[in-house]
Amino acid sequence: RGLENAMMDVAANPELLDATLDRIDAVQTTLLENFLASSGDLLDIVFISDDMGTQESLLLSPAAWERHFRDRLKSWCDLVHRHGKKVLYHSDGAVRPLLPGILSCGIDILNPIQHICPGMERDALQRDFGDRVAFHGGVDNQRVLPFGSAADVRVETQTCLDTLGRNGGYVCCSCHNVQAGTPVDNILAMIDTVHSS
C-alpha cells in the first residue's frame, strides 16, 4: 500500500491494518518456523527488522504500537527462543518511548542505536536498559564515519565503547550500513579502536 497509505491506515483504517498484519504475520511465521526447524545449530541469532522511528520521533503512537505490533513481536521472540536462538531487533530512529514495550517482548539485542536521534542518548540507554538488552551499533554513520577524520572516528568509537559497552553486552560497529564513499581509513580507525580497547 506504500508508506503514506500504511500510515493513514494506523489512524483511519485500523481494522484493515490488523487484517493486513495478520496476513503478513501468518506468512512470516510459517517461513520463520520452517527456517528454524531446518537450520539446527547453524545460526545463533535471528534478525527482526521493523522500523518504528524517524530521525526526530516515532512513526506511530505508543498506543498504536501496542495495539498492532506488540503481540506479533512477542510471538516471534517466543518462537525464536523456543529454538534456543537470540533475537536481534532492528528499528531505526527515535524509538525511546517504545523501548520498554519492545524489550518486554523478549528481544536480546537492540540495533542500530542512532544516538543522534532525540531520546537515544548512549548514557541514558545504558543506564535505563543496559541490564536488559545488549546493544549493537552506535558508531554514527551519517556524520562522523563518512565525513569526520580518522581521529574523530576513534573518539566516536571509544565513546560508544565507554557508554553503551560500560557493563558489557555491546557489539560495537556502525549504527547502520557503512555508507558508500566512507573513507577506508575511517572504517579501519573504528575497527582498530575496538580491537585496542
# chains A, B, ... in the order shown; residues from 1 in each chain; ligands from 1
>>> residues_around(residues="Thr29 (chain A)", least_positions_apart="2", cutoff="12 Å", atoms="only C-alpha atoms", output="ChimeraX atom specification")
/A:21-27,31-37,48,72-80
>>> write_last_selection(atoms="C-alpha atoms", output="compact mmCIF listing (two decimals), in the first residue's frame")
# COMPACT_ATOMS: atom_id res chain seq x y z
CA LEU A 21 -0.64 -7.50 9.50
CA ASP A 22 -2.40 -10.79 10.30
CA ARG A 23 -1.69 -11.99 6.76
CA ILE A 24 1.93 -10.81 6.84
CA ASP A 25 2.38 -12.38 10.28
CA ALA A 26 0.95 -15.72 9.13
CA VAL A 27 3.30 -15.89 6.13
CA LEU A 31 8.71 -19.01 6.98
CA LEU A 32 10.40 -18.49 10.34
CA GLU A 33 9.16 -21.83 11.69
CA ASN A 34 10.47 -23.66 8.61
CA PHE A 35 13.75 -21.77 8.72
CA LEU A 36 14.34 -22.51 12.40
CA ALA A 37 13.35 -26.16 12.05
CA ILE A 48 13.88 -8.99 13.04
CA ARG A 72 3.18 -10.04 16.99
CA LEU A 73 6.73 -9.19 18.04
CA LYS A 74 6.35 -11.13 21.29
CA SER A 75 5.10 -14.17 19.39
CA TRP A 76 8.13 -14.09 17.08
CA CYS A 77 10.54 -13.65 20.01
CA ASP A 78 8.93 -16.58 21.81
CA LEU A 79 9.23 -18.74 18.69
CA VAL A 80 12.91 -17.87 18.24
>>> residues_around(residues="Asp51 (chain A)", least_positions_apart="6", cutoff="10 Å", atoms="only C-alpha atoms", output="ChimeraX atom specification")
/A:58-59,89-93,95
>>> select_by_dssp(residues="region 7-177 of chain A", states="strand (DSSP E)", output="list in words")
Ile45, Val46, Phe47, Ile48, Ser49, Lys86, Val87, Leu88, Tyr89, His90, Ile109, Leu110, Asn111, Ala134, Phe135, His136, Gly137, Gly138, Val139, Tyr170, Val171, Cys172, Cys173 and Ser174 of chain A
>>> write_last_selection(atoms="N, CA, C and O atoms", output="tab-separated table (two decimals), in the first residue's frame")
chain	number	residue	atom	x	y	z
A	45	ILE	N	21.53	-16.32	16.03
A	45	ILE	CA	20.75	-15.10	16.16
A	45	ILE	C	19.79	-14.98	14.98
A	45	ILE	O	20.16	-15.26	13.84
A	46	VAL	N	18.56	-14.53	15.27
A	46	VAL	CA	17.58	-14.23	14.22
A	46	VAL	C	17.35	-12.73	14.22
A	46	VAL	O	17.09	-12.12	15.27
A	47	PHE	N	17.44	-12.14	13.04
A	47	PHE	CA	17.30	-10.68	12.84
A	47	PHE	C	15.85	-10.36	12.51
A	47	PHE	O	15.29	-10.91	11.56
A	48	ILE	N	15.24	-9.48	13.31
A	48	ILE	CA	13.88	-8.99	13.04
A	48	ILE	C	13.98	-7.49	12.84
A	48	ILE	O	14.49	-6.78	13.70
A	49	SER	N	13.48	-7.02	11.72
A	49	SER	CA	13.58	-5.60	11.38
A	49	SER	C	12.19	-5.00	11.25
A	49	SER	O	11.35	-5.52	10.52
A	86	LYS	N	18.81	-16.35	19.83
A	86	LYS	CA	18.63	-14.99	20.32
A	86	LYS	C	17.97	-14.14	19.24
A	86	LYS	O	18.09	-14.42	18.05
A	87	VAL	N	17.30	-13.07	19.68
A	87	VAL	CA	16.62	-12.14	18.77
A	87	VAL	C	17.39	-10.83	18.71
A	87	VAL	O	17.59	-10.17	19.74
A	88	LEU	N	17.83	-10.45	17.51
A	88	LEU	CA	18.40	-9.13	17.26
A	88	LEU	C	17.30	-8.31	16.59
A	88	LEU	O	16.85	-8.65	15.50
A	89	TYR	N	16.86	-7.26	17.28
A	89	TYR	CA	15.75	-6.44	16.78
A	89	TYR	C	16.28	-5.11	16.27
A	89	TYR	O	17.03	-4.41	16.96
A	90	HIS	N	15.88	-4.75	15.04
A	90	HIS	CA	16.33	-3.52	14.40
A	90	HIS	C	15.18	-2.54	14.27
A	90	HIS	O	14.12	-2.87	13.72
A	109	ILE	N	18.97	-8.33	21.67
A	109	ILE	CA	19.96	-7.39	21.14
A	109	ILE	C	19.20	-6.28	20.41
A	109	ILE	O	18.30	-6.56	19.61
A	110	LEU	N	19.55	-5.03	20.70
A	110	LEU	CA	18.90	-3.88	20.08
A	110	LEU	C	19.85	-3.20	19.12
A	110	LEU	O	20.98	-2.87	19.47
A	111	ASN	N	19.39	-2.95	17.90
A	111	ASN	CA	20.17	-2.34	16.83
A	111	ASN	C	19.30	-1.26	16.18
A	111	ASN	O	18.09	-1.43	16.11
A	134	ALA	N	21.41	-6.33	25.09
A	134	ALA	CA	22.72	-6.00	24.53
A	134	ALA	C	22.52	-4.97	23.42
A	134	ALA	O	21.53	-5.04	22.68
A	135	PHE	N	23.44	-4.04	23.30
A	135	PHE	CA	23.37	-3.02	22.25
A	135	PHE	C	24.27	-3.42	21.09
A	135	PHE	O	25.35	-3.98	21.29
A	136	HIS	N	23.82	-3.07	19.88
A	136	HIS	CA	24.56	-3.42	18.65
A	136	HIS	C	24.54	-2.19	17.74
A	136	HIS	O	23.46	-1.73	17.35
A	137	GLY	N	25.70	-1.65	17.43
A	137	GLY	CA	25.76	-0.48	16.54
A	137	GLY	C	26.38	0.70	17.26
A	137	GLY	O	27.37	0.58	17.96
A	138	GLY	N	25.78	1.87	17.07
A	138	GLY	CA	26.16	3.05	17.82
A	138	GLY	C	27.09	4.03	17.13
A	138	GLY	O	26.92	5.24	17.27
A	139	VAL	N	28.07	3.56	16.38
A	139	VAL	CA	29.03	4.48	15.76
A	139	VAL	C	28.32	5.22	14.62
A	139	VAL	O	27.83	4.61	13.67
A	170	TYR	N	27.79	-5.43	24.58
A	170	TYR	CA	27.77	-4.44	23.49
A	170	TYR	C	28.58	-4.95	22.32
A	170	TYR	O	29.72	-5.40	22.49
A	171	VAL	N	28.00	-4.87	21.11
A	171	VAL	CA	28.70	-5.16	19.87
A	171	VAL	C	28.92	-3.82	19.17
A	171	VAL	O	27.97	-3.20	18.68
A	172	CYS	N	30.16	-3.36	19.15
A	172	CYS	CA	30.48	-2.05	18.60
A	172	CYS	C	30.67	-2.15	17.09
A	172	CYS	O	31.48	-2.93	16.60
A	173	CYS	N	29.90	-1.35	16.36
A	173	CYS	CA	30.00	-1.26	14.90
A	173	CYS	C	29.24	-0.02	14.47
A	173	CYS	O	28.69	0.70	15.30
A	174	SER	N	29.22	0.24	13.18
A	174	SER	CA	28.48	1.41	12.69
A	174	SER	C	27.00	1.25	13.01
A	174	SER	O	26.48	0.13	13.07
>>> residues_around(residues="Ala6 (chain A)", least_positions_apart="6", cutoff="12 Å", atoms="only C-alpha atoms", output="list of chain:residue names")
A:Ala12, A:Asn13, A:Pro14, A:Leu16, A:Leu17, A:Asp18, A:Thr20, A:Leu21, A:Leu59, A:Leu60
>>> write_last_selection(atoms="N, CA, C and O atoms", output="tab-separated table (two decimals), in the first residue's frame")
chain	number	residue	atom	x	y	z
A	12	ALA	N	-6.92	5.80	10.31
A	12	ALA	CA	-8.23	5.80	9.64
A	12	ALA	C	-8.78	4.42	9.35
A	12	ALA	O	-9.98	4.26	9.16
A	13	ASN	N	-7.91	3.40	9.30
A	13	ASN	CA	-8.33	2.06	8.91
A	13	ASN	C	-7.68	0.99	9.79
A	13	ASN	O	-7.05	0.06	9.28
A	14	PRO	N	-7.79	1.09	11.10
A	14	PRO	CA	-7.07	0.15	11.95
A	14	PRO	C	-7.47	-1.32	11.74
A	14	PRO	O	-6.64	-2.21	11.88
A	16	LEU	N	-8.37	-2.67	8.83
A	16	LEU	CA	-7.66	-3.09	7.62
A	16	LEU	C	-6.18	-3.34	7.94
A	16	LEU	O	-5.60	-4.33	7.48
A	17	LEU	N	-5.59	-2.46	8.76
A	17	LEU	CA	-4.20	-2.65	9.14
A	17	LEU	C	-4.02	-3.97	9.88
A	17	LEU	O	-3.09	-4.73	9.59
A	18	ASP	N	-4.92	-4.26	10.82
A	18	ASP	CA	-4.82	-5.53	11.55
A	18	ASP	C	-4.95	-6.72	10.60
A	18	ASP	O	-4.21	-7.70	10.73
A	20	THR	N	-4.23	-6.83	7.42
A	20	THR	CA	-3.01	-6.88	6.62
A	20	THR	C	-1.86	-7.48	7.43
A	20	THR	O	-1.14	-8.36	6.96
A	21	LEU	N	-1.71	-7.00	8.65
A	21	LEU	CA	-0.64	-7.50	9.50
A	21	LEU	C	-0.86	-8.97	9.87
A	21	LEU	O	0.10	-9.73	9.99
A	59	LEU	N	7.12	6.82	14.29
A	59	LEU	CA	6.26	6.75	13.11
A	59	LEU	C	4.79	6.57	13.50
A	59	LEU	O	3.90	6.85	12.70
A	60	LEU	N	4.54	6.05	14.69
A	60	LEU	CA	3.18	5.86	15.18
A	60	LEU	C	3.19	6.01	16.68
A	60	LEU	O	4.25	5.96	17.31
>>> atom_distance(atom1="CA of Gly106 (chain A)", atom2="CA of Arg132 (chain A)")
9.2 Å
